[in-house]
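Shown here: run.cif, mmCIF, C-alpha atoms.
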```
data_query
loop_
_atom_site.label_atom_id
_atom_site.label_comp_id
_atom_site.auth_asym_id
_atom_site.auth_seq_id
_atom_site.Cartn_x
_atom_site.Cartn_y
_atom_site.Cartn_z
CA MET A 809 -16.29 -16.81 4.88
CA ALA A 810 -17.58 -18.27 1.65
CA THR A 811 -14.66 -20.44 0.59
CA ASN A 812 -12.79 -23.43 1.98
CA SER A 813 -10.04 -23.35 -0.65
CA ASN A 814 -6.61 -23.58 0.93
CA GLU A 815 -5.14 -22.04 -2.22
CA LEU A 816 -6.53 -18.61 -1.36
CA PRO A 817 -4.19 -16.41 0.68
CA VAL A 818 -5.02 -15.45 4.24
CA ILE A 819 -5.00 -11.68 4.55
CA ALA A 820 -5.13 -9.73 7.79
CA LEU A 821 -7.53 -6.82 7.39
CA THR A 822 -7.17 -3.96 9.87
CA PRO A 823 -9.75 -1.15 10.19
CA GLY A 824 -7.28 1.73 10.08
CA ASP A 825 -7.82 4.82 12.19
CA CYS A 826 -11.11 4.45 14.05
CA THR A 827 -11.81 8.19 13.69
CA GLY A 828 -11.93 7.84 9.89
CA ILE A 829 -13.90 5.90 7.28
CA GLY A 830 -11.90 2.66 7.61
CA PRO A 831 -14.28 0.82 9.97
CA GLU A 832 -17.23 1.58 7.69
CA GLN A 833 -15.32 0.41 4.61
CA VAL A 834 -14.24 -2.82 6.30
CA ALA A 835 -17.78 -3.63 7.45
CA ARG A 836 -19.18 -2.95 4.00
CA ILE A 837 -16.76 -5.17 2.08
CA LEU A 838 -17.34 -8.00 4.58
CA SER A 839 -21.13 -7.73 4.43
CA ASP A 840 -21.65 -9.59 1.15
CA ASN A 841 -18.51 -11.74 0.72
CA ARG A 842 -17.58 -9.72 -2.36
CA LEU A 843 -13.89 -10.67 -1.91
CA ALA A 844 -14.42 -14.36 -1.19
CA ASP A 845 -12.97 -15.26 -4.59
CA ALA A 846 -9.71 -13.44 -3.84
CA ALA A 847 -8.71 -14.14 -0.26
CA ARG A 848 -9.58 -15.50 3.16
CA LEU A 849 -9.91 -12.41 5.33
CA VAL A 850 -9.22 -12.19 9.04
CA VAL A 851 -10.06 -8.92 10.74
CA VAL A 852 -7.44 -7.88 13.28
CA GLY A 853 -8.73 -5.14 15.55
CA ASP A 854 -11.32 -4.37 18.19
CA ALA A 855 -14.85 -5.79 17.99
CA ARG A 856 -16.23 -2.42 19.10
CA VAL A 857 -14.59 -0.68 16.14
CA LEU A 858 -16.08 -3.25 13.76
CA GLU A 859 -19.49 -2.77 15.38
CA MET A 860 -19.21 0.99 14.85
CA GLY A 861 -18.29 0.32 11.23
CA MET A 862 -21.44 -1.78 10.85
CA GLU A 863 -23.54 1.09 12.17
CA HIS A 864 -21.96 3.57 9.78
CA ALA A 865 -22.32 1.21 6.82
CA GLY A 866 -25.86 0.13 7.74
CA VAL A 867 -24.95 -3.57 7.70
CA LYS A 868 -25.01 -6.42 10.18
CA LEU A 869 -22.26 -9.01 10.30
CA LYS A 870 -22.12 -12.38 11.95
CA VAL A 871 -18.78 -12.34 13.78
CA GLU A 872 -16.76 -15.22 15.19
CA ARG A 873 -13.97 -14.29 17.60
CA ILE A 874 -10.76 -16.29 17.29
CA ALA A 875 -7.49 -16.19 19.23
CA SER A 876 -5.30 -15.83 16.15
CA PRO A 877 -5.55 -16.32 12.38
CA LYS A 878 -4.42 -19.95 12.55
CA ALA A 879 -7.60 -20.70 14.53
CA ALA A 880 -9.85 -19.36 11.77
CA ASN A 881 -12.90 -21.45 10.89
CA TRP A 882 -13.00 -21.16 7.12
CA GLY A 883 -16.08 -23.34 6.87
CA SER A 884 -18.10 -20.75 8.77
CA ASN A 885 -20.10 -18.00 7.13
CA ALA A 886 -19.09 -15.65 9.95
CA VAL A 887 -16.44 -12.94 9.78
CA GLN A 888 -13.29 -14.19 11.49
CA LEU A 889 -12.13 -11.60 14.03
CA VAL A 890 -9.05 -11.48 16.24
CA ASP A 891 -10.51 -9.15 18.86
CA LEU A 892 -7.63 -7.19 20.36
CA GLY A 893 -9.94 -5.41 22.79
CA ASN A 894 -7.67 -2.38 22.68
CA THR A 895 -9.80 0.38 21.13
CA ASP A 896 -13.02 1.88 22.49
CA PRO A 897 -14.17 4.21 19.69
CA SER A 898 -16.81 5.81 21.91
CA LYS A 899 -14.00 7.53 23.82
CA ILE A 900 -12.36 9.05 20.72
CA PRO A 901 -14.10 11.83 18.74
CA LEU A 902 -14.88 10.99 15.11
CA GLY A 903 -13.63 13.02 12.19
CA LYS A 904 -10.46 14.49 13.68
CA ALA A 905 -6.86 13.40 14.16
CA SER A 906 -6.24 11.91 17.59
CA ALA A 907 -2.91 10.92 19.11
CA GLU A 908 -4.63 8.19 21.13
CA SER A 909 -6.27 6.77 18.03
CA GLY A 910 -2.94 6.97 16.22
CA ARG A 911 -1.26 5.04 19.02
CA LEU A 912 -3.91 2.32 18.83
CA THR A 913 -3.82 2.20 15.02
CA GLY A 914 -0.10 1.49 15.22
CA GLU A 915 -0.59 -1.07 17.98
CA THR A 916 -3.18 -2.92 15.89
CA LEU A 917 -0.93 -2.95 12.83
CA SER A 918 1.93 -4.18 14.99
CA ARG A 919 -0.17 -7.17 16.09
CA ALA A 920 -1.03 -7.95 12.48
CA ILE A 921 2.68 -7.85 11.66
CA ASP A 922 3.33 -10.32 14.49
CA PHE A 923 0.88 -12.71 12.84
CA SER A 924 2.66 -12.26 9.52
CA LYS A 925 6.07 -12.93 11.10
CA ALA A 926 4.62 -16.09 12.65
CA GLY A 927 3.40 -17.27 9.23
CA GLU A 928 -0.29 -17.06 10.18
CA VAL A 929 -1.21 -14.54 7.46
CA ASP A 930 0.18 -14.13 3.96
CA ALA A 931 -0.32 -10.37 3.64
CA ILE A 932 -1.78 -7.34 5.42
CA THR A 933 -4.32 -4.90 4.01
CA PHE A 934 -5.09 -1.89 6.16
CA ALA A 935 -7.86 0.69 5.87
CA PRO A 936 -6.85 4.38 5.83
CA LEU A 937 -4.79 5.75 8.71
CA ASN A 938 -3.50 9.18 9.71
CA LYS A 939 0.29 9.55 9.67
CA ARG A 940 0.31 12.59 11.95
CA ALA A 941 -1.92 10.88 14.52
CA MET A 942 0.35 7.84 14.58
CA PHE A 943 3.44 10.02 15.00
CA ASP A 944 1.81 11.98 17.80
CA GLY A 945 0.70 8.71 19.37
CA GLY A 946 4.29 7.55 19.80
CA TRP A 947 5.06 5.82 16.49
CA LYS A 948 7.91 8.17 15.63
CA PHE A 949 8.18 7.48 11.92
CA PRO A 950 7.42 9.84 9.01
CA ASP A 951 5.09 7.23 7.54
CA GLU A 952 3.74 3.75 8.20
CA HIS A 953 6.07 2.16 5.64
CA LYS A 954 9.14 3.03 7.70
CA MET A 955 7.33 1.77 10.79
CA PHE A 956 6.68 -1.56 9.06
CA ALA A 957 10.33 -1.82 8.00
CA SER A 958 11.45 -1.14 11.57
CA LEU A 959 9.13 -3.76 13.06
CA LEU A 960 10.27 -6.30 10.47
CA GLY A 961 13.95 -5.49 10.98
CA GLN A 962 14.29 -4.53 7.32
CA LYS A 963 17.77 -3.34 6.36
CA THR A 964 17.61 -3.39 2.57
CA TYR A 965 15.85 -1.05 0.13
CA PHE A 966 12.05 -0.71 0.15
CA SER A 967 9.64 1.83 -1.26
CA GLU A 968 6.03 2.93 -1.41
CA MET A 969 4.36 2.37 -4.79
CA ASN A 970 0.94 3.35 -6.12
CA VAL A 971 -1.06 1.09 -8.40
CA LEU A 972 -3.92 2.45 -10.51
CA ASP A 973 -5.56 1.00 -13.62
CA GLY A 974 -2.72 -1.49 -14.00
CA GLN A 975 -0.08 1.24 -13.79
CA TRP A 976 2.63 0.93 -11.14
CA MET A 977 3.95 4.30 -10.03
CA SER A 978 7.20 4.17 -8.10
CA ARG A 979 9.61 6.81 -6.89
CA VAL A 980 13.26 7.18 -6.01
CA THR A 981 12.60 9.33 -2.91
CA GLY A 982 9.53 9.48 -0.70
CA HIS A 983 8.18 11.26 2.36
CA GLN A 984 10.81 13.94 2.92
CA SER A 985 11.31 17.57 2.03
CA LEU A 986 12.17 18.35 -1.57
CA ARG A 987 15.57 19.70 -0.48
CA GLU A 988 16.34 16.40 1.24
CA ALA A 989 14.98 14.40 -1.69
CA LEU A 990 17.46 15.97 -4.09
CA ASP A 991 20.32 14.56 -2.02
CA GLY A 992 18.71 11.12 -2.19
CA ILE A 993 18.67 10.98 -5.99
CA HIS A 994 21.82 9.23 -7.20
CA PRO A 995 22.73 6.24 -9.42
CA ALA A 996 22.34 3.65 -6.64
CA SER A 997 18.89 4.86 -5.53
CA ILE A 998 17.64 5.15 -9.10
CA THR A 999 18.86 1.64 -9.88
CA GLU A 1000 17.23 0.21 -6.76
CA SER A 1001 13.93 1.86 -7.67
CA ILE A 1002 13.98 0.46 -11.19
CA GLU A 1003 14.91 -3.04 -10.00
CA LEU A 1004 12.23 -3.05 -7.29
CA VAL A 1005 9.34 -2.03 -9.52
CA ASP A 1006 10.44 -4.61 -12.12
CA ARG A 1007 10.51 -7.31 -9.42
CA MET A 1008 7.14 -6.33 -7.92
CA MET A 1009 5.38 -6.22 -11.29
CA ARG A 1010 6.73 -9.63 -12.22
CA LYS A 1011 5.32 -10.91 -8.90
CA ALA A 1012 1.98 -9.44 -9.92
CA GLY A 1013 2.07 -11.37 -13.19
CA VAL A 1014 3.51 -8.84 -15.67
CA ALA A 1015 6.15 -10.84 -17.52
CA LYS A 1016 8.33 -7.96 -18.80
CA PRO A 1017 7.16 -4.61 -17.47
CA ARG A 1018 7.74 -1.54 -19.63
CA ILE A 1019 9.27 0.95 -17.20
CA ALA A 1020 9.66 4.66 -17.95
CA VAL A 1021 11.98 6.74 -15.80
CA ALA A 1022 11.04 10.38 -15.25
CA ALA A 1023 13.53 13.20 -15.54
CA LEU A 1024 14.35 15.40 -12.58
CA ASN A 1025 14.49 18.80 -14.28
CA PRO A 1026 11.87 20.58 -16.43
CA HIS A 1027 11.86 19.33 -20.05
CA ALA A 1028 14.38 16.66 -19.00
CA GLY A 1029 16.95 19.45 -18.62
CA GLU A 1030 16.49 20.75 -22.19
CA ASN A 1031 19.82 19.25 -23.30
CA GLY A 1032 21.68 20.71 -20.35
CA LEU A 1033 20.07 24.16 -20.40
CA PHE A 1034 18.13 23.52 -17.15
CA GLY A 1035 20.58 21.12 -15.49
CA ARG A 1036 22.82 18.22 -16.41
CA ASP A 1037 21.40 15.55 -14.06
CA GLU A 1038 19.70 13.77 -16.95
CA ILE A 1039 22.83 13.75 -19.13
CA GLU A 1040 25.41 12.88 -16.50
CA MET A 1041 23.47 10.68 -14.06
CA ILE A 1042 19.95 9.55 -14.92
CA ARG A 1043 20.35 8.44 -18.55
CA PRO A 1044 23.56 6.42 -17.94
CA THR A 1045 21.89 4.76 -14.93
CA VAL A 1046 18.80 3.81 -16.94
CA GLU A 1047 20.94 2.45 -19.77
CA ALA A 1048 22.97 0.37 -17.30
CA ALA A 1049 19.76 -1.12 -15.85
CA ALA A 1050 18.52 -1.92 -19.35
CA LYS A 1051 21.75 -3.83 -20.03
CA MET A 1052 20.91 -6.01 -17.00
CA GLY A 1053 17.75 -7.13 -18.81
CA ILE A 1054 15.17 -4.73 -17.40
CA ASN A 1055 12.88 -3.15 -19.98
CA CYS A 1056 13.43 0.44 -18.88
CA THR A 1057 13.86 3.67 -20.85
CA GLY A 1058 14.25 7.34 -20.10
CA PRO A 1059 14.60 9.88 -18.69
CA TYR A 1060 11.40 11.41 -20.03
CA PRO A 1061 10.06 14.88 -19.18
CA ALA A 1062 7.84 14.46 -16.12
CA ASP A 1063 5.10 16.71 -17.49
CA THR A 1064 4.34 14.32 -20.37
CA VAL A 1065 5.52 10.84 -19.32
CA TYR A 1066 2.37 10.15 -17.29
CA ILE A 1067 0.15 11.05 -20.24
CA ARG A 1068 2.04 8.47 -22.29
CA ALA A 1069 1.87 5.88 -19.52
CA PHE A 1070 -1.89 6.23 -19.02
CA ALA A 1071 -2.31 5.99 -22.79
CA GLY A 1072 -0.76 2.51 -22.59
CA GLU A 1073 2.81 3.12 -23.74
CA PHE A 1074 4.35 2.12 -20.38
CA ASP A 1075 3.37 -0.12 -17.46
CA SER A 1076 5.21 1.91 -14.85
CA VAL A 1077 6.80 5.28 -14.27
CA VAL A 1078 9.63 5.77 -11.78
CA ALA A 1079 9.41 9.32 -10.44
CA MET A 1080 12.36 11.11 -8.90
CA TYR A 1081 10.40 12.49 -5.93
CA HIS A 1082 7.02 12.04 -4.22
CA ASP A 1083 4.77 14.70 -5.74
CA GLN A 1084 6.13 14.24 -9.24
CA GLY A 1085 4.17 10.99 -9.47
CA GLN A 1086 1.46 11.49 -6.86
CA ILE A 1087 -0.11 14.52 -8.52
CA ALA A 1088 -0.51 12.64 -11.79
CA THR A 1089 -1.94 9.46 -10.27
CA LYS A 1090 -4.29 11.20 -7.85
CA LEU A 1091 -5.70 13.35 -10.63
CA ARG A 1092 -6.24 10.17 -12.61
CA GLY A 1093 -8.18 8.35 -9.90
CA PHE A 1094 -7.94 9.64 -6.33
CA ASN A 1095 -10.50 7.21 -4.89
CA ARG A 1096 -9.34 4.12 -6.79
CA GLY A 1097 -5.59 3.83 -6.30
CA VAL A 1098 -3.79 1.32 -4.08
CA THR A 1099 -0.57 1.92 -2.15
CA VAL A 1100 1.87 -0.98 -1.81
CA THR A 1101 4.82 -1.13 0.54
CA ALA A 1102 7.25 -2.82 -1.84
CA GLY A 1103 10.43 -4.64 -0.93
CA LEU A 1104 9.47 -5.83 2.56
CA GLU A 1105 9.21 -9.45 3.67
CA THR A 1106 5.50 -8.91 4.32
CA VAL A 1107 3.16 -7.58 1.61
CA PHE A 1108 1.22 -4.48 2.74
CA THR A 1109 -1.51 -2.78 0.71
CA THR A 1110 -3.91 0.07 1.49
CA PRO A 1111 -6.14 2.54 -0.35
CA SER A 1112 -4.20 5.54 -1.63
CA HIS A 1113 -6.85 7.91 -0.27
CA GLY A 1114 -6.96 9.11 3.32
CA THR A 1115 -9.28 8.90 6.32
CA ALA A 1116 -11.86 11.29 4.80
CA PHE A 1117 -12.76 12.92 8.11
CA ASP A 1118 -15.37 15.10 6.38
CA ILE A 1119 -17.67 12.15 5.58
CA VAL A 1120 -17.12 9.89 8.60
CA GLY A 1121 -20.35 8.37 9.90
CA THR A 1122 -22.46 9.40 6.91
CA GLY A 1123 -22.48 5.96 5.28
CA VAL A 1124 -21.30 7.20 1.89
CA ALA A 1125 -17.65 6.06 1.91
CA LYS A 1126 -16.77 4.19 -1.27
CA THR A 1127 -14.88 0.91 -0.98
CA GLY A 1128 -13.37 0.45 -4.45
CA ALA A 1129 -9.80 1.22 -3.45
CA LEU A 1130 -9.95 -1.02 -0.37
CA GLU A 1131 -11.31 -3.88 -2.46
CA SER A 1132 -8.54 -3.33 -5.00
CA ALA A 1133 -6.01 -3.32 -2.16
CA VAL A 1134 -7.17 -6.75 -0.97
CA ARG A 1135 -7.10 -8.15 -4.50
CA LEU A 1136 -3.63 -6.79 -5.20
CA ALA A 1137 -2.27 -8.21 -1.93
CA ALA A 1138 -3.73 -11.58 -2.87
CA GLN A 1139 -2.21 -11.35 -6.33
CA LEU A 1140 1.24 -10.56 -4.97
CA VAL A 1141 1.32 -13.57 -2.64
CA SER A 1142 -0.81 -16.05 -4.60
CA ILE A 1143 2.08 -17.92 -6.22
CA LYS A 1144 3.75 -18.54 -2.87
CA VAL A 1145 0.43 -19.63 -1.32
CA LYS A 1146 -0.35 -22.07 -4.15
CA GLU A 1147 3.10 -23.60 -3.93
CA ALA A 1148 2.61 -24.14 -0.18
CA ALA A 1149 -0.81 -25.70 -0.75
CA TYR A 1150 0.54 -28.14 -3.34
CA ALA A 1151 3.45 -29.04 -1.04
CA HIS A 1152 0.93 -30.36 1.46
#
```
So that I can check it, write out the structure of this file as structure tokens.
Amino acid sequence: MATNSNELPVIALTPGDCTGIGPEQVARILSDNRLADAARLVVVGDARVLEMGMEHAGVKLKVERIASPKAANWGSNAVQLVDLGNTDPSKIPLGKASAESGRLTGETLSRAIDFSKAGEVDAITFAPLNKRAMFDGGWKFPDEHKMFASLLGQKTYFSEMNVLDGQWMSRVTGHQSLREALDGIHPASITESIELVDRMMRKAGVAKPRIAVAALNPHAGENGLFGRDEIEMIRPTVEAAAKMGINCTGPYPADTVYIRAFAGEFDSVVAMYHDQGQIATKLRGFNRGVTVTAGLETVFTTPSHGTAFDIVGTGVAKTGALESAVRLAAQLVSIKVKEAAYAH
């Protein structure tokens, strides 16, 4: 890689599902050292998957195989690769969900997590994966975030967040049916969501984030006409969080709060359920957003878009969201990394 600075975080970069665009994206961003100012990248995966990514991207990389991230040769101009030797992409059809590929995607991420637990990497950025393929491949979790929490032994609150154009979009409930989500919306879960997004944004360098909390019901309940959740539960919870020193307000009608946030009035919106926030942010910039697994011991980031099976192998996959994911991971761990560097 291009830098020898020990102040830059070491980030494990995994190629995601090998049947999708991840390998191409990884090869492309490594081809010109475009992220050398942000992080020291170690690819964790199979050399054959990276080679396929090179073919799809039309690039050639000099690759140096290493046993683990701590053995990385940062003075080299070669890509540092921990070759797991576990995935032969020639045996898995491109452009379609595969249980075998899902199994191997999870296995590769698990190895990256092992390196994080051992202190060899500061964060993990992963290219797009397929949740259904991973589930069918034996990783019996509704999403990768819950898999990460399980592997890390996480017992306390965590959440998926989406970051786009400096806006942090959080939510009280996540990947579950809307009927189940309604049962998960209560004062404790709302408070945890507000506290977590405030903590994560401060880590990212926002001194006092302006957090808007979305209402649950249409028009924020229209003063009780469409429900009393806002009056009896959400507003008192938001006010209690504000008294703790968090700059949060609401609840605001969900059909207008995102317009106000993207206009610059707020730094973050806490949605009540998954699609309430996702529709707004994906309309705003589907190919640019970054997903963060917030609240875990290890920082995880990934593009918010999916595996894009329809364009696999065509060499046209854009890399903006993956680049942003690496930069955000670096930003979230940079203070800790700098402190460690100065301690030595």
Item to check | Shell around stretch 861-876 of chain A at 10 Å using all atoms listed in the file, local window under 6 positions removed, as JSON, numbers by chain | outcome: {"A": [823, 826, 828, 829, 830, 831, 832, 833, 834, 835, 836, 837, 838, 839, 840, 850, 851, 852, 855, 884, 885, 886, 887, 888, 889, 890, 891, 892, 920, 923, 928, 929, 1120, 1121, 1122, 1123, 1124, 1125]}
Checklist entry - When distances are computed from only C-alpha atoms, which of A:Ile819, A:Glu1047, A:Asn894, A:Gly853 shows the smallest separation from A:Ala880? => result A:Ile819
Item to check | Distance criterion (all atoms listed in the file): nearest to A:His1082 out of A:Thr1115, A:Ser906, A:Ser1142, A:Gln984 | outcome: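 Using all atoms listed in the file, the shortest distance to A:His1082 belongs to A:Gln984.
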Could I get the residues of stretch 1100-1128 of chain A with an atom no further than 6 Å from an atom of stretch 930-948 of chain A, each paired with its nearest atom pair and that distance in Å to one decimal, using only C-alpha atoms, sorted by chain and residue number, as JSON lines?
```
{"residue": "A:Val1107", "atom": "CA", "partner": "A:Ala931", "partner_atom": "CA", "distance": 4.9}
{"residue": "A:Phe1108", "atom": "CA", "partner": "A:Ile932", "partner_atom": "CA", "distance": 4.9}
{"residue": "A:Thr1109", "atom": "CA", "partner": "A:Thr933", "partner_atom": "CA", "distance": 4.8}
{"residue": "A:Thr1110", "atom": "CA", "partner": "A:Phe934", "partner_atom": "CA", "distance": 5.2}
{"residue": "A:Gly1114", "atom": "CA", "partner": "A:Pro936", "partner_atom": "CA", "distance": 5.4}
{"residue": "A:Thr1115", "atom": "CA", "partner": "A:Pro936", "partner_atom": "CA", "distance": 5.2}
```
Item to check | Using all atoms listed in the file: which of A:Arg1036, A:Val1078, A:Ile1054, A:Asp825 has the shortest distance to A:Ser967 | outcome: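 Smallest separation from A:Ser967 among the options: A:Val1078.
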Item to check | Among the residues A:Arg848, A:His1113, A:Arg856, A:Arg1135, the one that comes closest to A:Gly883 [using only C-alpha atoms] | outcome: A:Arg848
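Take the candidates A:Leu986, A:Ile1039, A:Ala844, A:Val857 and check each one against A:Gln1084 using only C-alpha atoms; the shortest distance goes to A:Leu986.
Going from atom CA of A:Pro1044 to atom CA of A:Ile998 covers 10.7 Å.
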Checklist entry - At what distance in Å, to one decimal, does atom CA of A:Ala1133 lie from atom CA of A:Ile993? => result 28.8 Å
Item to check | Atomic separation - atom CA of A:Val1100 relative to atom CA of A:Asn970, Å | outcome: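 The value is 6.2 Å.
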